[in-house]
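Visitor: coords-v1.pdb is the file, holding PDB, C-alpha atoms:
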ATOM      1  CA  MET J 123      49.963  38.031 -87.488  1.00  0.00           C
ATOM      2  CA  VAL J 124      50.709  41.590 -88.571  1.00  0.00           C
ATOM      3  CA  GLY J 125      50.225  42.121 -92.305  1.00  0.00           C
ATOM      4  CA  LEU J 126      51.769  44.394 -94.909  1.00  0.00           C
ATOM      5  CA  VAL J 127      50.173  46.760 -97.390  1.00  0.00           C
ATOM      6  CA  LEU J 128      52.478  47.463-100.319  1.00  0.00           C
ATOM      7  CA  VAL J 129      51.745  50.606-102.307  1.00  0.00           C
ATOM      8  CA  SER J 130      53.443  51.453-105.585  1.00  0.00           C
ATOM      9  CA  HIS J 131      52.807  53.246-108.853  1.00  0.00           C
ATOM     10  CA  SER J 132      53.462  49.886-110.501  1.00  0.00           C
ATOM     11  CA  PRO J 133      51.339  46.800-109.858  1.00  0.00           C
ATOM     12  CA  THR J 134      54.089  44.489-111.090  1.00  0.00           C
ATOM     13  CA  LEU J 135      56.585  46.050-108.693  1.00  0.00           C
ATOM     14  CA  VAL J 136      54.493  45.178-105.645  1.00  0.00           C
ATOM     15  CA  GLU J 137      53.646  41.736-107.057  1.00  0.00           C
ATOM     16  CA  GLY J 138      57.347  40.963-107.142  1.00  0.00           C
ATOM     17  CA  LEU J 139      57.801  42.399-103.693  1.00  0.00           C
ATOM     18  CA  ARG J 140      55.004  40.166-102.419  1.00  0.00           C
ATOM     19  CA  ASP J 141      56.978  37.164-103.711  1.00  0.00           C
ATOM     20  CA  ILE J 142      60.024  38.370-101.793  1.00  0.00           C
ATOM     21  CA  VAL J 143      58.058  38.751 -98.559  1.00  0.00           C
ATOM     22  CA  ALA J 144      56.563  35.276 -99.028  1.00  0.00           C
ATOM     23  CA  GLN J 145      59.929  33.688 -99.604  1.00  0.00           C
ATOM     24  CA  PHE J 146      61.853  35.424 -96.837  1.00  0.00           C
ATOM     25  CA  GLY J 147      59.112  35.887 -94.282  1.00  0.00           C
ATOM     26  CA  GLY J 148      56.892  32.991 -95.240  1.00  0.00           C
ATOM     27  CA  ASP J 149      53.502  32.455 -96.840  1.00  0.00           C
ATOM     28  CA  ASP J 150      51.721  33.136 -93.548  1.00  0.00           C
ATOM     29  CA  VAL J 151      52.450  36.870 -93.562  1.00  0.00           C
ATOM     30  CA  PRO J 152      49.342  38.625 -94.904  1.00  0.00           C
ATOM     31  CA  VAL J 153      50.182  40.946 -97.793  1.00  0.00           C
ATOM     32  CA  ALA J 154      47.775  43.143 -99.757  1.00  0.00           C
ATOM     33  CA  LEU J 155      48.720  45.201-102.772  1.00  0.00           C
ATOM     34  CA  ALA J 156      47.735  48.642-104.008  1.00  0.00           C
ATOM     35  CA  GLY J 157      49.598  49.172-107.268  1.00  0.00           C
ATOM     36  CA  GLY J 158      48.606  51.162-110.335  1.00  0.00           C
ATOM     37  CA  THR J 159      45.329  52.827-111.214  1.00  0.00           C
ATOM     38  CA  ALA J 160      41.927  51.323-112.011  1.00  0.00           C
ATOM     39  CA  ASP J 161      42.407  52.022-115.734  1.00  0.00           C
ATOM     40  CA  GLY J 162      45.757  50.255-115.863  1.00  0.00           C
ATOM     41  CA  ARG J 163      48.110  53.222-115.721  1.00  0.00           C
ATOM     42  CA  LEU J 164      51.082  53.707-113.439  1.00  0.00           C
ATOM     43  CA  GLY J 165      49.927  55.581-110.362  1.00  0.00           C
ATOM     44  CA  THR J 166      48.302  55.219-106.994  1.00  0.00           C
ATOM     45  CA  THR J 167      44.735  55.616-105.818  1.00  0.00           C
ATOM     46  CA  ALA J 168      43.353  56.088-102.344  1.00  0.00           C
ATOM     47  CA  ASP J 169      40.544  53.621-103.077  1.00  0.00           C
ATOM     48  CA  ARG J 170      42.968  50.799-103.765  1.00  0.00           C
ATOM     49  CA  ILE J 171      44.973  51.613-100.651  1.00  0.00           C
ATOM     50  CA  VAL J 172      41.867  51.625 -98.460  1.00  0.00           C
ATOM     51  CA  ALA J 173      40.793  48.293 -99.953  1.00  0.00           C
ATOM     52  CA  ALA J 174      44.233  46.780 -99.361  1.00  0.00           C
ATOM     53  CA  ILE J 175      44.328  47.982 -95.750  1.00  0.00           C
ATOM     54  CA  ARG J 176      40.859  46.539 -95.115  1.00  0.00           C
ATOM     55  CA  GLU J 177      41.920  43.275 -96.750  1.00  0.00           C
ATOM     56  CA  VAL J 178      44.744  42.930 -94.214  1.00  0.00           C
ATOM     57  CA  LEU J 179      42.696  44.072 -91.218  1.00  0.00           C
ATOM     58  CA  GLY J 180      39.945  41.596 -92.034  1.00  0.00           C
ATOM     59  CA  PRO J 181      36.309  41.672 -90.925  1.00  0.00           C
ATOM     60  CA  SER J 182      37.089  42.598 -87.288  1.00  0.00           C
ATOM     61  CA  PRO J 183      39.684  45.391 -87.340  1.00  0.00           C
ATOM     62  CA  ALA J 184      39.574  45.809 -83.559  1.00  0.00           C
ATOM     63  CA  GLU J 185      40.883  42.261 -83.159  1.00  0.00           C
ATOM     64  CA  SER J 186      43.341  42.441 -86.029  1.00  0.00           C
ATOM     65  CA  ASP J 187      47.071  42.297 -85.356  1.00  0.00           C
ATOM     66  CA  GLY J 188      47.331  45.289 -87.648  1.00  0.00           C
ATOM     67  CA  ALA J 189      48.774  46.473 -90.939  1.00  0.00           C
ATOM     68  CA  VAL J 190      52.057  48.184 -91.783  1.00  0.00           C
ATOM     69  CA  VAL J 191      51.851  50.287 -94.945  1.00  0.00           C
ATOM     70  CA  LEU J 192      54.909  50.825 -97.142  1.00  0.00           C
ATOM     71  CA  PHE J 193      54.853  52.969-100.272  1.00  0.00           C
ATOM     72  CA  ASP J 194      57.180  54.109-103.019  1.00  0.00           C
ATOM     73  CA  PHE J 195      57.258  57.883-103.553  1.00  0.00           C
ATOM     74  CA  GLY J 196      55.611  61.076-104.720  1.00  0.00           C
ATOM     75  CA  SER J 197      51.861  60.938-105.123  1.00  0.00           C
ATOM     76  CA  ALA J 198      51.730  57.625-103.263  1.00  0.00           C
ATOM     77  CA  ALA J 199      52.143  59.667-100.081  1.00  0.00           C
ATOM     78  CA  LEU J 200      49.208  61.903-101.037  1.00  0.00           C
ATOM     79  CA  SER J 201      46.995  58.931-101.964  1.00  0.00           C
ATOM     80  CA  LEU J 202      47.917  57.294 -98.683  1.00  0.00           C
ATOM     81  CA  GLU J 203      47.018  60.408 -96.687  1.00  0.00           C
ATOM     82  CA  ILE J 204      43.587  60.455 -98.305  1.00  0.00           C
ATOM     83  CA  ALA J 205      43.215  56.724 -97.690  1.00  0.00           C
ATOM     84  CA  LEU J 206      44.065  57.065 -94.010  1.00  0.00           C
ATOM     85  CA  GLU J 207      41.401  59.754 -93.628  1.00  0.00           C
ATOM     86  CA  GLU J 208      38.805  57.369 -95.015  1.00  0.00           C
ATOM     87  CA  LEU J 209      39.480  54.780 -92.343  1.00  0.00           C
ATOM     88  CA  ASN J 210      37.336  54.757 -89.245  1.00  0.00           C
ATOM     89  CA  PRO J 211      39.130  55.313 -85.899  1.00  0.00           C
ATOM     90  CA  VAL J 212      39.216  51.612 -85.045  1.00  0.00           C
ATOM     91  CA  GLU J 213      40.821  50.790 -88.390  1.00  0.00           C
ATOM     92  CA  ARG J 214      43.233  53.728 -88.199  1.00  0.00           C
ATOM     93  CA  ASP J 215      44.371  52.567 -84.767  1.00  0.00           C
ATOM     94  CA  ARG J 216      45.575  49.280 -86.277  1.00  0.00           C
ATOM     95  CA  VAL J 217      47.628  50.872 -89.082  1.00  0.00           C
ATOM     96  CA  ARG J 218      51.242  52.086 -88.979  1.00  0.00           C
ATOM     97  CA  VAL J 219      53.075  54.004 -91.686  1.00  0.00           C
ATOM     98  CA  PRO J 220      56.792  53.892 -90.843  1.00  0.00           C
ATOM     99  CA  GLU J 221      59.321  56.110 -92.596  1.00  0.00           C
ATOM    100  CA  ALA J 222      60.944  53.262 -94.506  1.00  0.00           C
ATOM    101  CA  PRO J 223      62.300  52.194 -97.897  1.00  0.00           C
ATOM    102  CA  LEU J 224      59.762  50.102 -99.813  1.00  0.00           C
ATOM    103  CA  VAL J 225      61.878  47.081-100.760  1.00  0.00           C
ATOM    104  CA  GLU J 226      64.147  46.701 -97.760  1.00  0.00           C
ATOM    105  CA  GLY J 227      61.332  47.769 -95.453  1.00  0.00           C
ATOM    106  CA  ALA J 228      59.004  45.071 -96.792  1.00  0.00           C
ATOM    107  CA  PHE J 229      61.747  42.458 -96.477  1.00  0.00           C
ATOM    108  CA  ALA J 230      62.566  43.421 -92.879  1.00  0.00           C
ATOM    109  CA  ALA J 231      58.939  43.898 -91.833  1.00  0.00           C
ATOM    110  CA  GLY J 232      57.939  40.598 -93.431  1.00  0.00           C
ATOM    111  CA  VAL J 233      60.554  38.675 -91.476  1.00  0.00           C
ATOM    112  CA  GLN J 234      59.626  40.512 -88.272  1.00  0.00           C
ATOM    113  CA  ALA J 235      55.931  39.791 -88.799  1.00  0.00           C
ATOM    114  CA  SER J 236      56.680  36.120 -89.441  1.00  0.00           C
ATOM    115  CA  ILE J 237      58.034  35.650 -85.929  1.00  0.00           C
ATOM    116  CA  GLY J 238      54.831  36.940 -84.384  1.00  0.00           C
ATOM    117  CA  ALA J 239      56.048  40.440 -83.558  1.00  0.00           C
ATOM    118  CA  THR J 240      53.648  43.206 -82.566  1.00  0.00           C
ATOM    119  CA  LEU J 241      52.448  45.950 -84.904  1.00  0.00           C
ATOM    120  CA  ASP J 242      54.891  48.474 -83.446  1.00  0.00           C
ATOM    121  CA  GLU J 243      57.772  45.988 -83.624  1.00  0.00           C
ATOM    122  CA  VAL J 244      57.072  45.281 -87.294  1.00  0.00           C
ATOM    123  CA  ALA J 245      56.888  49.004 -88.037  1.00  0.00           C
ATOM    124  CA  ALA J 246      60.187  49.495 -86.173  1.00  0.00           C
ATOM    125  CA  ALA J 247      61.849  46.766 -88.257  1.00  0.00           C
ATOM    126  CA  ALA J 248      60.777  48.561 -91.437  1.00  0.00           C
ATOM    127  CA  PHE J 249      62.143  51.837 -90.083  1.00  0.00           C
ATOM    128  CA  ALA J 250      65.432  50.163 -89.124  1.00  0.00           C
ATOM    129  CA  ALA J 251      65.802  49.072 -92.768  1.00  0.00           C
ATOM    130  CA  ASN J 252      66.792  52.698 -93.448  1.00  0.00           C
ATOM    131  CA  HIS J 253      70.155  51.749 -91.995  1.00  0.00           C
ATOM    132  CA  LEU J 254      70.848  48.715 -94.156  1.00  0.00           C
ATOM    133  CA  SER J 255      74.098  49.523 -95.899  1.00  0.00           C
ATOM    134  CA  LYS J 256      74.402  49.166 -99.664  1.00  0.00           C
ATOM    135  CA  ALA J 257      78.181  49.366 -99.444  1.00  0.00           C
ATOM    136  CA  ILE J 258      79.910  46.850-101.681  1.00  0.00           C
ATOM    137  CA  GLY J 259      83.191  45.336-100.596  1.00  0.00           C
ATOM    138  CA  GLY J 260      83.270  47.451 -97.446  1.00  0.00           C
TER     139      GLY J 260
ATOM    140  CA  MET W  33      76.681  30.503 -71.359  1.00  0.00           C
ATOM    141  CA  PRO W  34      76.889  27.879 -74.092  1.00  0.00           C
ATOM    142  CA  GLU W  35      78.543  28.945 -77.297  1.00  0.00           C
ATOM    143  CA  ARG W  36      79.462  27.394 -80.602  1.00  0.00           C
ATOM    144  CA  ARG W  37      82.014  28.405 -83.205  1.00  0.00           C
ATOM    145  CA  LEU W  38      80.822  28.156 -86.768  1.00  0.00           C
ATOM    146  CA  VAL W  39      82.250  28.909 -90.191  1.00  0.00           C
ATOM    147  CA  VAL W  40      80.151  30.451 -92.947  1.00  0.00           C
ATOM    148  CA  ILE W  41      80.368  27.977 -95.832  1.00  0.00           C
ATOM    149  CA  ASP W  42      77.855  29.618 -98.145  1.00  0.00           C
ATOM    150  CA  PRO W  43      79.829  31.277-100.970  1.00  0.00           C
ATOM    151  CA  ALA W  44      77.636  34.383-100.660  1.00  0.00           C
ATOM    152  CA  GLY W  45      78.233  34.771 -96.937  1.00  0.00           C
ATOM    153  CA  LEU W  46      75.410  35.093 -94.413  1.00  0.00           C
ATOM    154  CA  HIS W  47      73.153  36.963 -96.830  1.00  0.00           C
ATOM    155  CA  ALA W  48      69.463  37.837 -96.694  1.00  0.00           C
ATOM    156  CA  ARG W  49      67.970  34.369 -96.890  1.00  0.00           C
ATOM    157  CA  PRO W  50      70.002  32.744 -94.101  1.00  0.00           C
ATOM    158  CA  ALA W  51      69.818  35.927 -92.029  1.00  0.00           C
ATOM    159  CA  ALA W  52      66.029  35.778 -92.194  1.00  0.00           C
ATOM    160  CA  ARG W  53      66.115  32.092 -91.253  1.00  0.00           C
ATOM    161  CA  PHE W  54      68.455  32.895 -88.379  1.00  0.00           C
ATOM    162  CA  VAL W  55      66.036  35.424 -86.932  1.00  0.00           C
ATOM    163  CA  GLN W  56      63.080  33.100 -87.322  1.00  0.00           C
ATOM    164  CA  VAL W  57      64.778  30.168 -85.575  1.00  0.00           C
ATOM    165  CA  ALA W  58      66.318  32.310 -82.802  1.00  0.00           C
ATOM    166  CA  SER W  59      62.940  33.883 -82.071  1.00  0.00           C
ATOM    167  CA  ARG W  60      61.434  30.510 -81.188  1.00  0.00           C
ATOM    168  CA  PHE W  61      63.495  30.486 -77.988  1.00  0.00           C
ATOM    169  CA  THR W  62      63.266  32.618 -74.875  1.00  0.00           C
ATOM    170  CA  SER W  63      67.062  32.618 -74.479  1.00  0.00           C
ATOM    171  CA  SER W  64      69.004  35.523 -75.873  1.00  0.00           C
ATOM    172  CA  VAL W  65      71.027  34.641 -78.960  1.00  0.00           C
ATOM    173  CA  THR W  66      74.062  36.704 -79.886  1.00  0.00           C
ATOM    174  CA  ILE W  67      76.273  36.409 -82.944  1.00  0.00           C
ATOM    175  CA  ARG W  68      79.873  37.449 -82.427  1.00  0.00           C
ATOM    176  CA  LEU W  69      82.049  38.307 -85.394  1.00  0.00           C
ATOM    177  CA  GLY W  70      85.469  39.351 -84.179  1.00  0.00           C
ATOM    178  CA  ASP W  71      84.814  42.078 -81.625  1.00  0.00           C
ATOM    179  CA  ARG W  72      81.403  42.956 -83.064  1.00  0.00           C
ATOM    180  CA  ARG W  73      78.173  41.387 -81.941  1.00  0.00           C
ATOM    181  CA  ALA W  74      74.531  41.355 -82.983  1.00  0.00           C
ATOM    182  CA  ASP W  75      71.243  40.256 -81.491  1.00  0.00           C
ATOM    183  CA  ALA W  76      70.285  37.242 -83.623  1.00  0.00           C
ATOM    184  CA  LYS W  77      66.602  38.072 -83.185  1.00  0.00           C
ATOM    185  CA  SER W  78      67.020  41.325 -85.115  1.00  0.00           C
ATOM    186  CA  LEU W  79      67.232  40.971 -88.888  1.00  0.00           C
ATOM    187  CA  ILE W  80      68.767  44.396 -89.361  1.00  0.00           C
ATOM    188  CA  ALA W  81      71.381  43.723 -86.696  1.00  0.00           C
ATOM    189  CA  VAL W  82      72.330  40.386 -88.287  1.00  0.00           C
ATOM    190  CA  LEU W  83      72.568  41.883 -91.772  1.00  0.00           C
ATOM    191  CA  GLY W  84      74.481  44.816 -90.304  1.00  0.00           C
ATOM    192  CA  LEU W  85      77.341  42.514 -89.351  1.00  0.00           C
ATOM    193  CA  THR W  86      77.945  41.865 -93.085  1.00  0.00           C
ATOM    194  CA  ILE W  87      79.139  38.326 -92.452  1.00  0.00           C
ATOM    195  CA  ARG W  88      81.295  37.279 -95.402  1.00  0.00           C
ATOM    196  CA  PRO W  89      82.076  33.807 -96.747  1.00  0.00           C
ATOM    197  CA  GLU W  90      84.510  31.778 -94.670  1.00  0.00           C
ATOM    198  CA  SER W  91      84.088  34.083 -91.675  1.00  0.00           C
ATOM    199  CA  GLU W  92      84.154  32.410 -88.306  1.00  0.00           C
ATOM    200  CA  ILE W  93      81.276  33.428 -86.063  1.00  0.00           C
ATOM    201  CA  VAL W  94      80.474  32.504 -82.486  1.00  0.00           C
ATOM    202  CA  LEU W  95      76.908  31.890 -81.405  1.00  0.00           C
ATOM    203  CA  VAL W  96      76.283  32.617 -77.744  1.00  0.00           C
ATOM    204  CA  THR W  97      72.987  31.757 -76.082  1.00  0.00           C
ATOM    205  CA  ASP W  98      71.844  32.635 -72.599  1.00  0.00           C
ATOM    206  CA  GLY W  99      68.667  31.524 -70.883  1.00  0.00           C
ATOM    207  CA  PRO W 100      66.566  28.524 -69.900  1.00  0.00           C
ATOM    208  CA  ASP W 101      66.593  26.948 -73.371  1.00  0.00           C
ATOM    209  CA  ALA W 102      70.104  28.022 -74.330  1.00  0.00           C
ATOM    210  CA  ASP W 103      71.346  24.574 -75.368  1.00  0.00           C
ATOM    211  CA  ALA W 104      68.232  23.794 -77.397  1.00  0.00           C
ATOM    212  CA  ALA W 105      68.551  27.130 -79.179  1.00  0.00           C
ATOM    213  CA  LEU W 106      72.148  26.383 -80.159  1.00  0.00           C
ATOM    214  CA  ASP W 107      71.204  22.929 -81.424  1.00  0.00           C
ATOM    215  CA  ALA W 108      68.272  24.259 -83.451  1.00  0.00           C
ATOM    216  CA  LEU W 109      70.290  27.064 -85.019  1.00  0.00           C
ATOM    217  CA  THR W 110      73.152  24.745 -85.914  1.00  0.00           C
ATOM    218  CA  ALA W 111      70.747  22.212 -87.423  1.00  0.00           C
ATOM    219  CA  GLU W 112      68.532  24.611 -89.360  1.00  0.00           C
ATOM    220  CA  LEU W 113      71.356  26.779 -90.660  1.00  0.00           C
ATOM    221  CA  GLY W 114      73.163  23.633 -91.776  1.00  0.00           C
ATOM    222  CA  PRO W 115      73.322  24.555 -95.473  1.00  0.00           C
ATOM    223  CA  TYR W 116      75.058  27.827 -94.633  1.00  0.00           C
ATOM    224  CA  LEU W 117      77.233  27.114 -91.613  1.00  0.00           C
ATOM    225  CA  ALA W 118      79.674  24.419 -90.577  1.00  0.00           C
ATOM    226  CA  THR W 119      81.175  23.699 -87.189  1.00  0.00           C
ATOM    227  CA  ALA W 120      84.564  25.370 -86.982  1.00  0.00           C
ATOM    228  CA  THR W 121      87.465  22.958 -86.792  1.00  0.00           C
ATOM    229  CA  PRO W 122      89.258  23.489 -83.512  1.00  0.00           C
ATOM    230  CA  THR W 123      92.803  24.587 -83.924  1.00  0.00           C
ATOM    231  CA  VAL W 124      94.958  21.523 -83.432  1.00  0.00           C
ATOM    232  CA  VAL W 125      98.378  22.009 -81.959  1.00  0.00           C
ATOM    233  CA  ALA W 126     100.697  19.787 -83.951  1.00  0.00           C
ATOM    234  CA  GLU W 127     102.051  16.893 -81.983  1.00  0.00           C
ATOM    235  CA  PRO W 128     105.792  16.516 -82.119  1.00  0.00           C
ATOM    236  CA  GLU W 129     106.914  13.843 -84.519  1.00  0.00           C
ATOM    237  CA  PRO W 130     107.988  10.708 -82.693  1.00  0.00           C
ATOM    238  CA  ALA W 131     111.737  10.484 -82.517  1.00  0.00           C
TER     239      ALA W 131
END
Please render this file's structure as structure tokens.
Guide:
Amino acid sequence: MVGLVLVSHSPTLVEGLRDIVAQFGGDDVPVALAGGTADGRLGTTADRIVAAIREVLGPSPAESDGAVVLFDFGSAALSLEIALEELNPVERDRVRVPEAPLVEGAFAAGVQASIGATLDEVAAAAFAANHLSKAIGG
Amino acid sequence: MPERRLVVIDPAGLHARPAARFVQVASRFTSSVTIRLGDRRADAKSLIAVLGLTIRPESEIVLVTDGPDADAALDALTAELGPYLATATPTVVAEPEPA
């Protein structure tokens, strides 16, 4: 099953988001977190992102169903770029970074992953979450 | 193509939780599953499409399935979405009062 890597400046934010993915998508969807810095501050680090990606890909990345990475904003994008460069080509091939909102993207991708969708399908579901309307009473 | 008319009984409408359940159940079948709401329709195997319908409480929706396991898909969806959906009461034409 495709897994999710949730990246945020705040570790508690992605912990809560993991609960949402588990409840809506199911406990089977692999989720790894990269939130906050090693010294407990708000922020993102490439090391934590690399570790989270490898946690989802498992010991045999070539046979993994893959990982979709979702992140919040700002320096998370920079940390993620550095992290992606640290991956070997086999690992990088199994990772997708869709242009997607973190919360809605994780919700949509989690549900899509839970039905056994492919890596590209899960990434597409996260991207499609850009179009979820927030309109109230419309 | 088998179809079933259902009414959304959940007071919050067909919100995130049932929409996710909808997609998960529909995806177990090879048949296509379409939700019709008025003249709009959505692929029930797409979470974003289902949420995009913005199905409100007391709305009447029509589930349409097409494929080799179409009837089983309808039965499963009706059963597993039980807490959120009820079978729509067919409109009864009033019988004339006996003279």
Visitor: Applied to the shown file, which residues does the ChimeraX specification (/J :<10) & /W return, written as a ChimeraX atom specification?
Guide: /W:48-53,55-60,77-81,83-84,86,88
Visitor: Work out how far atom CA of J:Pro211 is from atom CA of J:Gly196, in Å to one decimal.
Guide: 25.7 Å
Visitor: Report the residues retrieved by the PyMOL selection byres ((chain W and resi 105-117) around 12) from the displayed file, expressed as a JSON list (two decimals) with C-alpha atoms, in the coordinates of the input.
Guide:
[["chain", "number", "residue", "atom", "x", "y", "z"],
["W", 33, "MET", "CA", 76.68, 30.50, -71.36],
["W", 34, "PRO", "CA", 76.89, 27.88, -74.09],
["W", 35, "GLU", "CA", 78.54, 28.94, -77.30],
["W", 36, "ARG", "CA", 79.46, 27.39, -80.60],
["W", 37, "ARG", "CA", 82.01, 28.40, -83.20],
["W", 38, "LEU", "CA", 80.82, 28.16, -86.77],
["W", 39, "VAL", "CA", 82.25, 28.91, -90.19],
["W", 40, "VAL", "CA", 80.15, 30.45, -92.95],
["W", 41, "ILE", "CA", 80.37, 27.98, -95.83],
["W", 42, "ASP", "CA", 77.86, 29.62, -98.14],
["W", 43, "PRO", "CA", 79.83, 31.28, -100.97],
["W", 44, "ALA", "CA", 77.64, 34.38, -100.66],
["W", 45, "GLY", "CA", 78.23, 34.77, -96.94],
["W", 46, "LEU", "CA", 75.41, 35.09, -94.41],
["W", 47, "HIS", "CA", 73.15, 36.96, -96.83],
["W", 48, "ALA", "CA", 69.46, 37.84, -96.69],
["W", 49, "ARG", "CA", 67.97, 34.37, -96.89],
["W", 50, "PRO", "CA", 70.00, 32.74, -94.10],
["W", 51, "ALA", "CA", 69.82, 35.93, -92.03],
["W", 52, "ALA", "CA", 66.03, 35.78, -92.19],
["W", 53, "ARG", "CA", 66.11, 32.09, -91.25],
["W", 54, "PHE", "CA", 68.46, 32.90, -88.38],
["W", 55, "VAL", "CA", 66.04, 35.42, -86.93],
["W", 56, "GLN", "CA", 63.08, 33.10, -87.32],
["W", 57, "VAL", "CA", 64.78, 30.17, -85.58],
["W", 58, "ALA", "CA", 66.32, 32.31, -82.80],
["W", 59, "SER", "CA", 62.94, 33.88, -82.07],
["W", 60, "ARG", "CA", 61.43, 30.51, -81.19],
["W", 61, "PHE", "CA", 63.50, 30.49, -77.99],
["W", 62, "THR", "CA", 63.27, 32.62, -74.88],
["W", 63, "SER", "CA", 67.06, 32.62, -74.48],
["W", 64, "SER", "CA", 69.00, 35.52, -75.87],
["W", 65, "VAL", "CA", 71.03, 34.64, -78.96],
["W", 66, "THR", "CA", 74.06, 36.70, -79.89],
["W", 67, "ILE", "CA", 76.27, 36.41, -82.94],
["W", 76, "ALA", "CA", 70.28, 37.24, -83.62],
["W", 77, "LYS", "CA", 66.60, 38.07, -83.18],
["W", 87, "ILE", "CA", 79.14, 38.33, -92.45],
["W", 88, "ARG", "CA", 81.30, 37.28, -95.40],
["W", 89, "PRO", "CA", 82.08, 33.81, -96.75],
["W", 90, "GLU", "CA", 84.51, 31.78, -94.67],
["W", 91, "SER", "CA", 84.09, 34.08, -91.68],
["W", 92, "GLU", "CA", 84.15, 32.41, -88.31],
["W", 93, "ILE", "CA", 81.28, 33.43, -86.06],
["W", 94, "VAL", "CA", 80.47, 32.50, -82.49],
["W", 95, "LEU", "CA", 76.91, 31.89, -81.40],
["W", 96, "VAL", "CA", 76.28, 32.62, -77.74],
["W", 97, "THR", "CA", 72.99, 31.76, -76.08],
["W", 98, "ASP", "CA", 71.84, 32.64, -72.60],
["W", 99, "GLY", "CA", 68.67, 31.52, -70.88],
["W", 100, "PRO", "CA", 66.57, 28.52, -69.90],
["W", 101, "ASP", "CA", 66.59, 26.95, -73.37],
["W", 102, "ALA", "CA", 70.10, 28.02, -74.33],
["W", 103, "ASP", "CA", 71.35, 24.57, -75.37],
["W", 104, "ALA", "CA", 68.23, 23.79, -77.40],
["W", 118, "ALA", "CA", 79.67, 24.42, -90.58],
["W", 119, "THR", "CA", 81.18, 23.70, -87.19],
["W", 120, "ALA", "CA", 84.56, 25.37, -86.98]]
Visitor: Would you work out the distance separating atom CA of J:Leu192 from atom CA of J:Gly227, expressed in Å to one decimal?
Guide: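 Separation of atom CA of J:Leu192 and atom CA of J:Gly227: 7.3 Å.
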Visitor: Could you state the separation of atom CA of W:Val82 and atom CA of J:Glu137 in Å, given to one decimal place?
Guide: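 Answer for the atom CA of W:Val82 to atom CA of J:Glu137 separation: 26.5 Å.
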